[in-house]
file final35.cif (mmCIF, C-alpha atoms (C1' of nucleotides))
data_upload
#
loop_
_atom_site.label_atom_id
_atom_site.label_comp_id
_atom_site.auth_asym_id
_atom_site.auth_seq_id
_atom_site.Cartn_x
_atom_site.Cartn_y
_atom_site.Cartn_z
CA MET X 1 64.38 -26.98 -33.65
CA LYS X 2 61.21 -28.88 -32.91
CA TYR X 3 61.35 -31.18 -35.97
CA ASP X 4 64.87 -32.47 -35.35
CA LEU X 5 63.83 -35.45 -33.30
CA ILE X 6 61.10 -36.67 -35.62
CA LEU X 7 63.34 -36.28 -38.67
CA ALA X 8 66.07 -38.28 -36.98
CA ASN X 9 63.44 -40.89 -36.15
CA VAL X 10 62.41 -41.12 -39.80
CA ALA X 11 66.03 -41.07 -40.97
CA LYS X 12 66.70 -44.24 -39.02
CA HIS X 13 64.84 -46.17 -41.70
CA ILE X 14 64.51 -44.08 -44.87
CA THR X 15 66.44 -41.23 -46.52
CA LEU X 16 64.49 -38.16 -47.61
CA THR X 17 65.31 -35.32 -49.97
CA SER X 18 64.95 -31.80 -48.62
CA ASP X 19 61.73 -31.38 -50.61
CA GLU X 20 60.31 -34.51 -49.06
CA ILE X 21 61.35 -33.29 -45.63
CA ARG X 22 59.58 -29.97 -46.20
CA TYR X 23 56.49 -31.77 -47.42
CA PHE X 24 56.47 -34.20 -44.50
CA ILE X 25 56.83 -31.38 -41.98
CA SER X 26 54.02 -29.43 -43.63
CA LEU X 27 51.66 -32.31 -42.77
CA LEU X 28 52.45 -32.25 -39.06
CA ASN X 29 50.54 -30.41 -36.36
CA PHE X 30 52.30 -29.36 -33.21
CA ARG X 31 50.38 -29.74 -29.98
CA GLU X 32 51.27 -29.17 -26.37
CA VAL X 33 49.37 -30.98 -23.64
CA THR X 34 49.39 -30.37 -19.90
CA ARG X 35 49.79 -32.94 -17.15
CA ASN X 36 46.73 -35.25 -17.01
CA GLU X 37 45.26 -33.83 -20.21
CA CYS X 38 43.55 -36.36 -22.45
CA LEU X 39 44.54 -36.60 -26.13
CA LEU X 40 41.91 -39.21 -26.89
CA GLU X 41 38.81 -40.37 -25.04
CA ALA X 42 37.18 -43.75 -25.73
CA GLU X 43 34.29 -43.56 -28.22
CA GLU X 44 35.82 -40.55 -29.99
CA THR X 45 37.08 -41.24 -33.48
CA CYS X 46 40.84 -41.52 -33.36
CA SER X 47 41.87 -39.23 -36.18
CA VAL X 48 45.60 -38.81 -35.56
CA ILE X 49 48.81 -40.70 -34.91
CA ASN X 50 51.02 -39.01 -32.31
CA TYR X 51 54.77 -38.67 -32.24
CA VAL X 52 56.00 -37.78 -28.76
CA HIS X 53 58.60 -35.02 -29.05
CA ALA X 54 58.89 -34.58 -25.28
CA GLY X 55 57.05 -35.85 -22.22
CA VAL X 56 55.21 -39.12 -21.54
CA LEU X 57 51.84 -40.40 -22.70
CA ARG X 58 49.90 -43.41 -21.52
CA ALA X 59 47.36 -45.42 -23.52
CA TYR X 60 44.91 -47.44 -21.46
CA TYR X 61 41.72 -49.42 -21.72
CA LEU X 62 38.91 -48.78 -19.25
CA ASP X 63 36.44 -51.62 -18.71
CA LYS X 64 32.80 -51.39 -17.55
CA GLN X 65 33.85 -52.05 -13.95
CA GLY X 66 36.14 -49.02 -14.11
CA LYS X 67 39.37 -51.01 -14.13
CA GLU X 68 42.21 -49.46 -16.14
CA SER X 69 44.58 -51.62 -18.19
CA THR X 70 47.63 -49.79 -19.45
CA ILE X 71 48.39 -50.75 -23.03
CA MET X 72 51.55 -48.74 -23.46
CA PHE X 73 53.64 -45.88 -22.16
CA ALA X 74 55.03 -43.57 -24.82
CA THR X 75 58.05 -41.47 -23.93
CA ALA X 76 60.04 -39.10 -26.12
CA ASP X 77 60.69 -40.40 -29.65
CA TRP X 78 57.77 -42.89 -29.59
CA TRP X 79 54.75 -43.10 -31.86
CA VAL X 80 51.39 -43.80 -30.26
CA THR X 81 47.73 -44.00 -31.23
CA ASP X 82 44.79 -46.35 -30.92
CA MET X 83 46.10 -48.06 -34.04
CA TYR X 84 43.07 -50.20 -34.82
CA CYS X 85 40.67 -47.30 -34.55
CA PHE X 86 43.03 -44.91 -36.31
CA LEU X 87 43.42 -47.22 -39.30
CA ASN X 88 39.77 -48.14 -39.53
CA GLN X 89 38.41 -44.78 -38.36
CA LYS X 90 36.29 -46.49 -35.73
CA PRO X 91 35.36 -45.19 -32.27
CA ALA X 92 38.35 -45.54 -29.97
CA MET X 93 38.63 -48.30 -27.39
CA MET X 94 41.51 -46.65 -25.60
CA HIS X 95 42.13 -43.46 -23.71
CA ILE X 96 45.38 -41.61 -24.27
CA GLU X 97 46.47 -39.14 -21.63
CA ALA X 98 49.58 -37.13 -20.84
CA ILE X 99 51.29 -38.25 -17.66
CA GLU X 100 53.30 -35.03 -17.63
CA ARG X 101 53.39 -31.89 -19.76
CA SER X 102 54.22 -33.10 -23.27
CA CYS X 103 54.92 -31.89 -26.79
CA ILE X 104 53.35 -33.91 -29.57
CA LEU X 105 53.51 -33.91 -33.37
CA GLN X 106 50.31 -35.17 -34.94
CA LEU X 107 49.55 -36.63 -38.35
CA THR X 108 45.95 -37.20 -39.43
CA LYS X 109 44.83 -40.36 -41.22
CA GLU X 110 44.05 -38.37 -44.37
CA ARG X 111 47.45 -36.76 -44.43
CA LEU X 112 49.20 -40.03 -43.75
CA ASP X 113 47.38 -41.68 -46.67
CA GLN X 114 48.34 -38.69 -48.78
CA LEU X 115 51.94 -39.05 -47.62
CA PHE X 116 52.00 -42.70 -48.73
CA VAL X 117 50.94 -41.60 -52.20
CA GLU X 118 53.26 -38.59 -52.48
CA VAL X 119 56.30 -40.18 -50.86
CA PRO X 120 56.01 -43.97 -51.15
CA LYS X 121 59.19 -44.38 -49.09
CA PHE X 122 56.95 -43.79 -46.10
CA GLU X 123 55.24 -47.10 -46.80
CA ARG X 124 58.58 -48.61 -45.93
CA PHE X 125 59.01 -46.43 -42.88
CA PHE X 126 55.63 -47.36 -41.46
CA ARG X 127 56.12 -50.99 -42.37
CA ILE X 128 59.21 -51.02 -40.18
CA LEU X 129 57.41 -49.10 -37.44
CA MET X 130 54.59 -51.66 -37.49
CA GLN X 131 57.03 -54.57 -37.54
CA ASN X 132 58.72 -53.25 -34.44
CA ALA X 133 55.41 -52.57 -32.72
CA TYR X 134 54.20 -56.07 -33.59
CA THR X 135 57.28 -57.90 -32.39
CA ARG X 136 57.35 -55.84 -29.20
CA GLU X 137 53.71 -56.65 -28.54
CA GLN X 138 54.28 -60.32 -29.25
CA LEU X 139 57.18 -60.40 -26.82
CA ARG X 140 54.88 -58.92 -24.22
CA THR X 141 52.34 -61.67 -24.89
CA ILE X 142 55.02 -64.33 -24.45
CA GLN X 143 56.12 -62.83 -21.15
CA THR X 144 52.57 -62.45 -19.88
CA LEU X 145 51.94 -66.11 -20.66
CA SER X 146 55.17 -67.55 -19.36
CA LEU X 147 56.37 -65.37 -16.48
CA SER X 148 55.15 -64.74 -12.94
CA ALA X 149 54.03 -61.26 -11.90
CA GLU X 150 57.33 -60.70 -10.08
CA ALA X 151 59.40 -61.71 -13.10
CA ARG X 152 57.30 -59.46 -15.33
CA TYR X 153 57.93 -56.55 -12.98
CA THR X 154 61.67 -57.20 -12.91
CA ASN X 155 61.64 -57.34 -16.69
CA PHE X 156 59.72 -54.10 -16.94
CA LEU X 157 62.28 -52.31 -14.77
CA LYS X 158 65.10 -53.68 -16.90
CA LYS X 159 63.46 -52.88 -20.23
CA TYR X 160 62.05 -49.44 -19.39
CA PRO X 161 64.13 -48.09 -16.51
CA GLN X 162 63.35 -44.43 -17.24
CA VAL X 163 59.62 -45.02 -17.73
CA ALA X 164 59.58 -46.66 -14.30
CA GLN X 165 60.79 -43.32 -12.87
CA GLN X 166 58.18 -41.23 -14.64
CA VAL X 167 54.99 -43.13 -13.86
CA THR X 168 53.25 -44.22 -10.66
CA GLN X 169 53.27 -47.76 -9.32
CA ARG X 170 49.55 -47.89 -9.84
CA GLN X 171 50.15 -47.33 -13.55
CA ILE X 172 52.92 -49.93 -13.69
CA ALA X 173 50.62 -52.41 -11.95
CA SER X 174 47.90 -51.78 -14.54
CA TYR X 175 50.49 -52.40 -17.28
CA LEU X 176 51.52 -55.69 -15.67
CA GLY X 177 47.94 -56.79 -15.13
CA ILE X 178 48.07 -56.88 -11.33
CA THR X 179 46.64 -54.73 -8.52
CA PRO X 180 48.67 -51.89 -6.98
CA GLU X 181 48.45 -53.68 -3.62
CA PHE X 182 50.01 -56.80 -5.06
CA LEU X 183 52.77 -54.83 -6.79
CA SER X 184 53.56 -53.30 -3.42
CA THR X 185 53.89 -56.80 -1.94
CA ILE X 186 56.16 -57.86 -4.80
CA ARG X 187 58.42 -54.86 -4.16
CA LYS X 188 58.64 -55.70 -0.47
CA ASN X 189 59.64 -59.28 -1.28
CA LYS X 190 62.25 -58.20 -3.85
CA GLN X 191 63.91 -55.96 -1.23
CA LYS X 192 64.12 -58.80 1.25
CA GLY X 193 65.67 -61.01 -1.45
CA SER X 194 68.33 -58.46 -2.41
CA ILE X 195 69.55 -57.90 1.18
CA SER X 196 70.62 -61.50 1.86
CA MET B 1 46.25 -74.13 -58.63
CA LYS B 2 48.46 -73.87 -55.62
CA TYR B 3 49.20 -70.12 -55.94
CA ASP B 4 45.57 -69.01 -56.18
CA LEU B 5 45.09 -68.50 -52.47
CA ILE B 6 48.27 -66.54 -51.86
CA LEU B 7 47.64 -64.31 -54.88
CA ALA B 8 44.13 -63.57 -53.66
CA ASN B 9 45.63 -62.78 -50.27
CA VAL B 10 48.04 -60.30 -51.85
CA ALA B 11 45.33 -58.88 -54.11
CA LYS B 12 43.32 -57.87 -51.05
CA HIS B 13 45.76 -55.00 -50.54
CA ILE B 14 47.76 -54.36 -53.72
CA THR B 15 47.27 -54.89 -57.46
CA LEU B 16 50.02 -56.65 -59.40
CA THR B 17 50.80 -56.88 -63.09
CA SER B 18 51.21 -60.38 -64.56
CA ASP B 19 54.98 -59.87 -64.66
CA GLU B 20 55.00 -58.97 -61.01
CA ILE B 21 52.86 -62.01 -60.23
CA ARG B 22 55.28 -64.26 -62.09
CA TYR B 23 58.23 -62.72 -60.29
CA PHE B 24 56.57 -63.02 -56.89
CA ILE B 25 55.72 -66.66 -57.47
CA SER B 26 59.26 -67.40 -58.61
CA LEU B 27 60.48 -66.40 -55.15
CA LEU B 28 58.23 -68.84 -53.29
CA ASN B 29 59.12 -72.33 -52.17
CA PHE B 30 56.43 -74.90 -51.75
CA ARG B 31 56.69 -77.20 -48.77
CA GLU B 32 54.51 -79.93 -47.41
CA VAL B 33 54.73 -80.85 -43.74
CA THR B 34 53.27 -83.84 -41.95
CA ARG B 35 51.30 -83.82 -38.71
CA ASN B 36 53.54 -82.89 -35.76
CA GLU B 37 56.43 -81.95 -38.03
CA CYS B 38 58.41 -78.93 -36.89
CA LEU B 39 59.04 -76.07 -39.32
CA LEU B 40 61.21 -74.19 -36.87
CA GLU B 41 62.99 -75.20 -33.67
CA ALA B 42 64.08 -72.64 -31.10
CA GLU B 43 67.75 -71.61 -31.48
CA GLU B 44 67.69 -72.21 -35.24
CA THR B 45 67.89 -69.10 -37.37
CA CYS B 46 64.46 -68.31 -38.68
CA SER B 47 65.14 -67.80 -42.36
CA VAL B 48 61.63 -67.86 -43.86
CA ILE B 49 58.18 -66.41 -43.52
CA ASN B 50 55.42 -68.98 -44.07
CA TYR B 51 52.12 -68.58 -45.84
CA VAL B 52 49.73 -71.38 -44.89
CA HIS B 53 48.04 -72.64 -48.05
CA ALA B 54 46.28 -75.49 -46.24
CA GLY B 55 46.41 -77.02 -42.77
CA VAL B 56 47.17 -75.54 -39.36
CA LEU B 57 50.41 -74.45 -37.75
CA ARG B 58 51.09 -73.47 -34.17
CA ALA B 59 53.82 -71.14 -32.91
CA TYR B 60 54.76 -71.59 -29.27
CA TYR B 61 57.33 -70.59 -26.74
CA LEU B 62 58.92 -73.25 -24.53
CA ASP B 63 60.38 -72.08 -21.23
CA LYS B 64 63.15 -73.69 -19.18
CA GLN B 65 60.59 -75.48 -17.00
CA GLY B 66 59.19 -77.09 -20.14
CA LYS B 67 55.95 -75.10 -20.14
CA GLU B 68 54.55 -74.32 -23.59
CA SER B 69 52.92 -70.95 -24.33
CA THR B 70 51.07 -70.82 -27.61
CA ILE B 71 51.73 -67.55 -29.38
CA MET B 72 49.46 -68.12 -32.35
CA PHE B 73 47.58 -70.63 -34.42
CA ALA B 74 47.88 -70.17 -38.18
CA THR B 75 45.21 -71.74 -40.36
CA ALA B 76 44.78 -71.54 -44.13
CA ASP B 77 45.46 -68.08 -45.59
CA TRP B 78 47.56 -66.90 -42.62
CA TRP B 79 51.16 -65.74 -42.56
CA VAL B 80 53.36 -66.94 -39.72
CA THR B 81 56.97 -66.81 -38.62
CA ASP B 82 59.03 -65.90 -35.58
CA MET B 83 58.85 -62.31 -36.81
CA TYR B 84 61.48 -60.81 -34.53
CA CYS B 85 64.05 -63.47 -35.35
CA PHE B 86 63.13 -63.52 -39.02
CA LEU B 87 63.58 -59.77 -39.37
CA ASN B 88 66.77 -59.60 -37.35
CA GLN B 89 68.12 -63.01 -38.38
CA LYS B 90 68.59 -64.00 -34.75
CA PRO B 91 68.20 -67.47 -33.22
CA ALA B 92 64.50 -68.26 -32.87
CA MET B 93 62.67 -68.05 -29.56
CA MET B 94 59.65 -69.91 -30.84
CA HIS B 95 58.90 -73.34 -32.16
CA ILE B 96 56.58 -73.66 -35.13
CA GLU B 97 54.96 -77.02 -35.74
CA ALA B 98 52.24 -78.43 -37.95
CA ILE B 99 49.17 -79.52 -36.03
CA GLU B 100 47.97 -81.43 -39.06
CA ARG B 101 49.36 -82.16 -42.52
CA SER B 102 49.87 -78.74 -44.10
CA CYS B 103 50.94 -77.06 -47.33
CA ILE B 104 53.14 -74.02 -46.94
CA LEU B 105 54.59 -71.40 -49.22
CA GLN B 106 57.86 -70.01 -47.96
CA LEU B 107 59.70 -66.78 -48.65
CA THR B 108 63.25 -66.29 -47.40
CA LYS B 109 64.40 -63.03 -45.82
CA GLU B 110 66.79 -62.42 -48.72
CA ARG B 111 64.09 -62.89 -51.30
CA LEU B 112 61.64 -60.73 -49.38
CA ASP B 113 64.19 -57.91 -49.23
CA GLN B 114 64.78 -58.38 -52.94
CA LEU B 115 61.02 -58.28 -53.51
CA PHE B 116 60.77 -54.94 -51.70
CA VAL B 117 63.38 -53.53 -54.07
CA GLU B 118 61.98 -55.02 -57.28
CA VAL B 119 58.29 -54.47 -56.49
CA PRO B 120 57.99 -51.66 -53.95
CA LYS B 121 54.21 -52.22 -53.77
CA PHE B 122 55.05 -55.09 -51.46
CA GLU B 123 56.26 -52.57 -48.90
CA ARG B 124 52.64 -51.49 -48.74
CA PHE B 125 51.38 -55.06 -48.60
CA PHE B 126 53.62 -55.99 -45.73
CA ARG B 127 52.90 -52.72 -43.98
CA ILE B 128 49.22 -53.65 -43.94
CA LEU B 129 50.03 -57.20 -42.88
CA MET B 130 52.11 -55.87 -39.98
CA GLN B 131 49.41 -53.35 -39.03
CA ASN B 132 46.85 -56.11 -38.79
CA ALA B 133 49.20 -58.35 -36.85
CA TYR B 134 50.01 -55.52 -34.46
CA THR B 135 46.43 -54.49 -33.79
CA ARG B 136 45.41 -58.14 -33.34
CA GLU B 137 48.22 -58.67 -30.87
CA GLN B 138 47.34 -55.48 -29.01
CA LEU B 139 43.72 -56.58 -28.72
CA ARG B 140 44.96 -59.81 -27.21
CA THR B 141 47.00 -57.87 -24.67
CA ILE B 142 43.95 -55.83 -23.71
CA GLN B 143 41.86 -58.95 -23.24
CA THR B 144 44.55 -60.73 -21.27
CA LEU B 145 44.78 -57.74 -18.93
CA SER B 146 41.09 -57.03 -18.53
CA LEU B 147 39.22 -60.34 -18.82
CA SER B 148 38.93 -63.45 -16.65
CA ALA B 149 40.12 -66.79 -17.96
CA GLU B 150 36.52 -67.86 -18.64
CA ALA B 151 35.75 -64.68 -20.62
CA ARG B 152 38.98 -65.13 -22.59
CA TYR B 153 37.97 -68.69 -23.46
CA THR B 154 34.48 -67.60 -24.56
CA ASN B 155 36.07 -64.91 -26.69
CA PHE B 156 38.48 -67.37 -28.26
CA LEU B 157 35.63 -69.66 -29.28
CA LYS B 158 33.76 -66.74 -30.80
CA LYS B 159 36.75 -65.30 -32.62
CA TYR B 160 38.31 -68.54 -33.89
CA PRO B 161 35.49 -71.11 -33.99
CA GLN B 162 37.15 -73.33 -36.59
CA VAL B 163 40.57 -73.23 -34.91
CA ALA B 164 38.86 -74.43 -31.75
CA GLN B 165 37.79 -77.56 -33.66
CA GLN B 166 41.25 -78.26 -35.06
CA VAL B 167 43.42 -78.03 -31.96
CA THR B 168 43.43 -79.77 -28.58
CA GLN B 169 42.18 -78.22 -25.36
CA ARG B 170 45.70 -78.42 -24.01
CA GLN B 171 46.81 -76.16 -26.86
CA ILE B 172 43.93 -73.76 -26.32
CA ALA B 173 44.79 -73.63 -22.61
CA SER B 174 48.40 -72.77 -23.43
CA TYR B 175 47.13 -69.98 -25.73
CA LEU B 176 44.94 -68.59 -22.95
CA GLY B 177 47.70 -68.84 -20.36
CA ILE B 178 45.99 -71.36 -18.10
CA THR B 179 46.46 -75.06 -17.31
CA PRO B 180 44.52 -77.75 -19.22
CA GLU B 181 42.96 -78.84 -15.91
CA PHE B 182 41.60 -75.39 -15.27
CA LEU B 183 40.25 -75.09 -18.81
CA SER B 184 38.42 -78.35 -18.18
CA THR B 185 36.85 -76.83 -15.06
CA ILE B 186 35.84 -73.72 -16.97
CA ARG B 187 34.12 -75.85 -19.62
CA LYS B 188 32.23 -77.76 -16.95
CA ASN B 189 31.02 -74.51 -15.38
CA LYS B 190 29.98 -73.04 -18.73
CA GLN B 191 27.81 -76.10 -19.44
CA LYS B 192 26.06 -75.80 -16.09
CA GLY B 193 25.38 -72.13 -16.80
CA SER B 194 23.89 -72.76 -20.23
CA ILE B 195 21.44 -75.46 -19.02
CA SER B 196 19.58 -73.26 -16.57
"C1'" DC O 1 43.40 -104.24 -30.26
"C1'" DG O 2 46.61 -102.10 -27.38
"C1'" DT O 3 49.10 -98.20 -26.14
"C1'" DC O 4 49.71 -93.53 -25.54
"C1'" DT O 5 48.02 -89.12 -24.82
"C1'" DA O 6 44.18 -85.99 -23.77
"C1'" DT O 7 40.65 -84.87 -20.69
"C1'" DT O 8 38.22 -85.01 -16.42
"C1'" DT O 9 37.87 -85.02 -11.49
"C1'" DG O 10 39.14 -83.94 -6.82
"C1'" DA O 11 42.00 -82.50 -2.87
"C1'" DA O 12 45.54 -79.61 -1.21
"C1'" DT O 13 48.28 -75.56 -2.09
"C1'" DG O 14 49.69 -71.17 -3.66
"C1'" DT O 15 49.09 -66.93 -6.04
"C1'" DA O 16 46.70 -62.84 -6.53
"C1'" DC O 17 42.53 -60.11 -5.27
"C1'" DT O 18 39.22 -57.45 -2.25
"C1'" DC O 19 38.36 -54.57 1.34
"C1'" DA O 20 39.71 -51.59 4.89
"C1'" DA O 21 42.73 -48.69 7.29
"C1'" DA O 22 47.12 -46.35 8.11
"C1'" DA O 23 51.10 -44.02 6.43
"C1'" DG O 24 53.55 -41.33 3.02
"C1'" DC O 25 54.08 -37.99 -0.58
"C1'" DG O 26 53.18 -34.27 -3.76
"C1'" DG O 27 50.84 -30.49 -5.51
"C1'" DT O 28 48.17 -26.44 -4.65
"C1'" DG O 29 46.50 -22.49 -2.48
"C1'" DG O 30 46.68 -19.44 1.19
"C1'" DC R 1 56.92 -21.36 2.54
"C1'" DC R 2 54.05 -23.98 4.98
"C1'" DA R 3 49.96 -26.62 5.75
"C1'" DC R 4 46.42 -29.01 4.05
"C1'" DC R 5 44.11 -32.07 0.98
"C1'" DG R 6 43.90 -35.74 -2.06
"C1'" DC R 7 45.95 -39.46 -4.05
"C1'" DT R 8 49.41 -43.14 -3.89
"C1'" DT R 9 51.53 -46.65 -1.43
"C1'" DT R 10 51.81 -49.87 2.27
"C1'" DT R 11 50.04 -53.36 5.35
"C1'" DG R 12 47.12 -57.06 6.84
"C1'" DA R 13 43.22 -60.22 7.09
"C1'" DG R 14 40.07 -62.90 4.66
"C1'" DT R 15 38.71 -64.77 0.15
"C1'" DA R 16 38.66 -66.29 -4.60
"C1'" DC R 17 40.94 -67.76 -8.53
"C1'" DA R 18 44.11 -70.82 -10.56
"C1'" DT R 19 47.80 -74.32 -9.98
"C1'" DT R 20 49.90 -78.78 -8.68
"C1'" DC R 21 49.68 -83.50 -8.14
"C1'" DA R 22 47.52 -87.81 -8.59
"C1'" DA R 23 44.37 -90.94 -10.38
"C1'" DA R 24 40.50 -92.37 -13.25
"C1'" DT R 25 38.29 -92.14 -17.71
"C1'" DA R 26 37.93 -91.39 -22.42
"C1'" DG R 27 39.71 -90.92 -27.16
"C1'" DA R 28 42.80 -91.35 -30.93
"C1'" DC R 29 46.41 -93.35 -33.66
"C1'" DG R 30 49.15 -96.96 -35.41
#
call {"tool": "encode", "arguments": {"input": "final35.cif", "output": "structure tokens"}}
result
Amino acid sequence: MKYDLILANVAKHITLTSDEIRYFISLLNFREVTRNECLLEAEETCSVINYVHAGVLRAYYLDKQGKESTIMFATADWWVTDMYCFLNQKPAMMHIEAIERSCILQLTKERLDQLFVEVPKFERFFRILMQNAYTREQLRTIQTLSLSAEARYTNFLKKYPQVAQQVTQRQIASYLGITPEFLSTIRKNKQKGSIS
Amino acid sequence: MKYDLILANVAKHITLTSDEIRYFISLLNFREVTRNECLLEAEETCSVINYVHAGVLRAYYLDKQGKESTIMFATADWWVTDMYCFLNQKPAMMHIEAIERSCILQLTKERLDQLFVEVPKFERFFRILMQNAYTREQLRTIQTLSLSAEARYTNFLKKYPQVAQQVTQRQIASYLGITPEFLSTIRKNKQKGSIS
DNA sequence: CGTCTATTTGAATGTACTCAAAAGCGGTGG
DNA sequence: CCACCGCTTTTGAGTACATTCAAATAGACG
């Protein structure tokens, strides 16, 4: 059943009654997106937070020169949105697109706020979600500051081995903050190193 | 009174009764630290979250080569800790030191957990705190990926003008992920630009 | 006042980028 | 099912950005 995954995700941190479960599910919208379809374009208002039931999404920033910077990949069982713009209902800075055909459960800002009032346990759930997102992001900052591009790539492969299979090298490069050409060079050098 | 600031900080997001205020305050420990004093050394267990009542703290990561990477500066009215290690009660990755004489209010993990049980409103407060921390950190990631060192420096000055006055250039450089020498060069070039 | 550290400056080096072209791979339509 | 087209990846040469090392200067603290 299509709500199993999301309920298990919630159950990791809070315990709901069956009424609460029914209510929570009633707030969700199911959406299917095709490969390369965009869930959010920059400048649009970001009205929903997305739970990835299946597939892979990518959030990225596009600067005036047309350079993409990948902010995050979201595979099955991840939550993703342009959080700043979602919370403040401002025009989005990011784009969010489906890398492959994906199934998404969406929760609007209004309904989330309503959920916090009706089932305050969800304050706890989202606190923990935000804590995890924050510490993950901070770890990324530390690695960006302290590690070389090659070390960051090695780390990425170790931390997200399945994501590395599902996305292109160009996209990985834009996550690491390097050019696809340079990532290619790094890969060549790593191979040489591992033969000896 | 030394709890005014922290209560105003809390009041920005939740409203407490006087009993709740009294209880909250009873959980806090006041601590004064001198210039250059360390609140947390890497490998120690990070047992507290710190609210900066006055002064400036700096959280940084120190790698095996001895290079410092500044994770954040915390001035008056900021919360700071090694969040990952605080939440999971793991040995700290960061160091936290006072840049100048500072007054801190500390909350242990145990007492915070207790606070969540006794006054569930604090779940909401910390959810919002974590949301803000997360979106701030994500914005930093975007800028690190998409901007040049000079643009990042300009941005830092604009975003944290008073912090820029309170810390050394070496510390700013380690926040931006560049060497102090290169920051010096950037400053020289900026001056030239602004004369013409 | 002296010492210690921060900042500046410059030269040499290394890391990562740009541009261009070739090779590889995957998806789509015929 | 194959062939083509478009995009991704690789490769290489030349360049720019940022680092290292060393030394001089300037500031700050005790």
call {"tool": "resolve_selection", "arguments": {"input": "final35.cif", "expression": "the PyMOL selection byres ((chain X and resi 86) around 10)", "output": "list in words"}}
result
Thr45, Cys46, Ser47, Val48, Ile49, Thr81, Asp82, Met83, Tyr84, Cys85, Leu87, Asn88, Gln89, Lys90, Pro91, Ala92, Thr108 and Lys109 of chain X
call {"tool": "resolve_selection", "arguments": {"input": "final35.cif", "expression": "the PyMOL selection byres ((chain R and resi 3) around 10)", "output": "list in words"}}
result
DG29 and DG30 of chain O; DC1, DC2, DC4 and DC5 of chain R
call {"tool": "atom_distance", "arguments": {"input": "final35.cif", "atom1": "C1' of DG2 (chain O)", "atom2": "C1' of DA23 (chain R)"}}
result
20.5 Å
call {"tool": "residues_around", "arguments": {"input": "final35.cif", "residues": "Leu28 (chain X)", "least_positions_apart": "2", "cutoff": "6 Å", "atoms": "all atoms listed in the file", "output": "list in words"}}
result
Ile25, Ser26, Gln106 and Leu107 of chain X
call {"tool": "resolve_selection", "arguments": {"input": "final35.cif", "expression": "the PyMOL selection byres ((chain B) within 10 of (chain X))", "output": "NGL selection string"}}
result
:B and (60-63 or 65 or 67-72 or 82-85 or 87 or 93-94 or 116 or 120-147 or 174-178)
call {"tool": "atom_distance", "arguments": {"input": "final35.cif", "atom1": "C1' of DT13 (chain O)", "atom2": "C1' of DA18 (chain R)"}}
result
10.6 Å
call {"tool": "interface_residues", "arguments": {"input": "final35.cif", "of": "chain X", "to": "chain R", "cutoff": "10 Å", "atoms": "only C-alpha atoms (C1' of nucleotides)", "output": "mmCIF file with C-alpha atoms, keeping the file's coordinate frame"}}
result
data_model
loop_
_atom_site.group_PDB
_atom_site.id
_atom_site.type_symbol
_atom_site.label_atom_id
_atom_site.label_comp_id
_atom_site.auth_asym_id
_atom_site.auth_seq_id
_atom_site.Cartn_x
_atom_site.Cartn_y
_atom_site.Cartn_z
ATOM 1 C CA THR X 168 53.250 -44.220 -10.660
ATOM 2 C CA GLN X 169 53.270 -47.760 -9.320
ATOM 3 C CA ARG X 170 49.550 -47.890 -9.840
ATOM 4 C CA PRO X 180 48.670 -51.890 -6.980
ATOM 5 C CA GLU X 181 48.450 -53.680 -3.620
ATOM 6 C CA LEU X 183 52.770 -54.830 -6.790
ATOM 7 C CA SER X 184 53.560 -53.300 -3.420
ATOM 8 C CA THR X 185 53.890 -56.800 -1.940
ATOM 9 C CA LYS X 188 58.640 -55.700 -0.470
#
call {"tool": "interface_residues", "arguments": {"input": "final35.cif", "of": "chain O", "to": "chain B", "cutoff": "12 Å", "atoms": "all atoms listed in the file", "output": "PyMOL selection string"}}
result
chain O and resi 5-10
call {"tool": "atom_distance", "arguments": {"input": "final35.cif", "atom1": "CA of Leu7 (chain B)", "atom2": "CA of Ile21 (chain B)"}}
result
7.8 Å
call {"tool": "closest_residue", "arguments": {"input": "final35.cif", "among": "B:Gly55, B:Ile172, B:Phe30, B:Gln191", "to": "Arg152 (chain B)", "atoms": "all atoms listed in the file"}}
result
B:Ile172
call {"tool": "build_atoms", "arguments": {"input": "final35.cif", "residues": "region 137-143 of chain X", "atoms": "N, CA and C atoms", "output": "compact mmCIF listing (two decimals), in the frame of the given file"}}
result
# COMPACT_ATOMS: atom_id res chain seq x y z
N GLU X 137 54.97 -56.22 -29.14
CA GLU X 137 53.71 -56.65 -28.54
C GLU X 137 53.68 -58.16 -28.36
N GLN X 138 54.26 -58.87 -29.32
CA GLN X 138 54.28 -60.32 -29.25
C GLN X 138 55.18 -60.78 -28.10
N LEU X 139 56.29 -60.08 -27.93
CA LEU X 139 57.18 -60.40 -26.82
C LEU X 139 56.46 -60.20 -25.50
N ARG X 140 55.65 -59.16 -25.44
CA ARG X 140 54.88 -58.92 -24.22
C ARG X 140 53.90 -60.07 -23.97
N THR X 141 53.26 -60.54 -25.02
CA THR X 141 52.34 -61.67 -24.89
C THR X 141 53.08 -62.89 -24.34
N ILE X 142 54.24 -63.17 -24.90
CA ILE X 142 55.02 -64.33 -24.45
C ILE X 142 55.33 -64.20 -22.97
N GLN X 143 55.75 -63.00 -22.56
CA GLN X 143 56.12 -62.83 -21.15
C GLN X 143 54.91 -62.91 -20.24
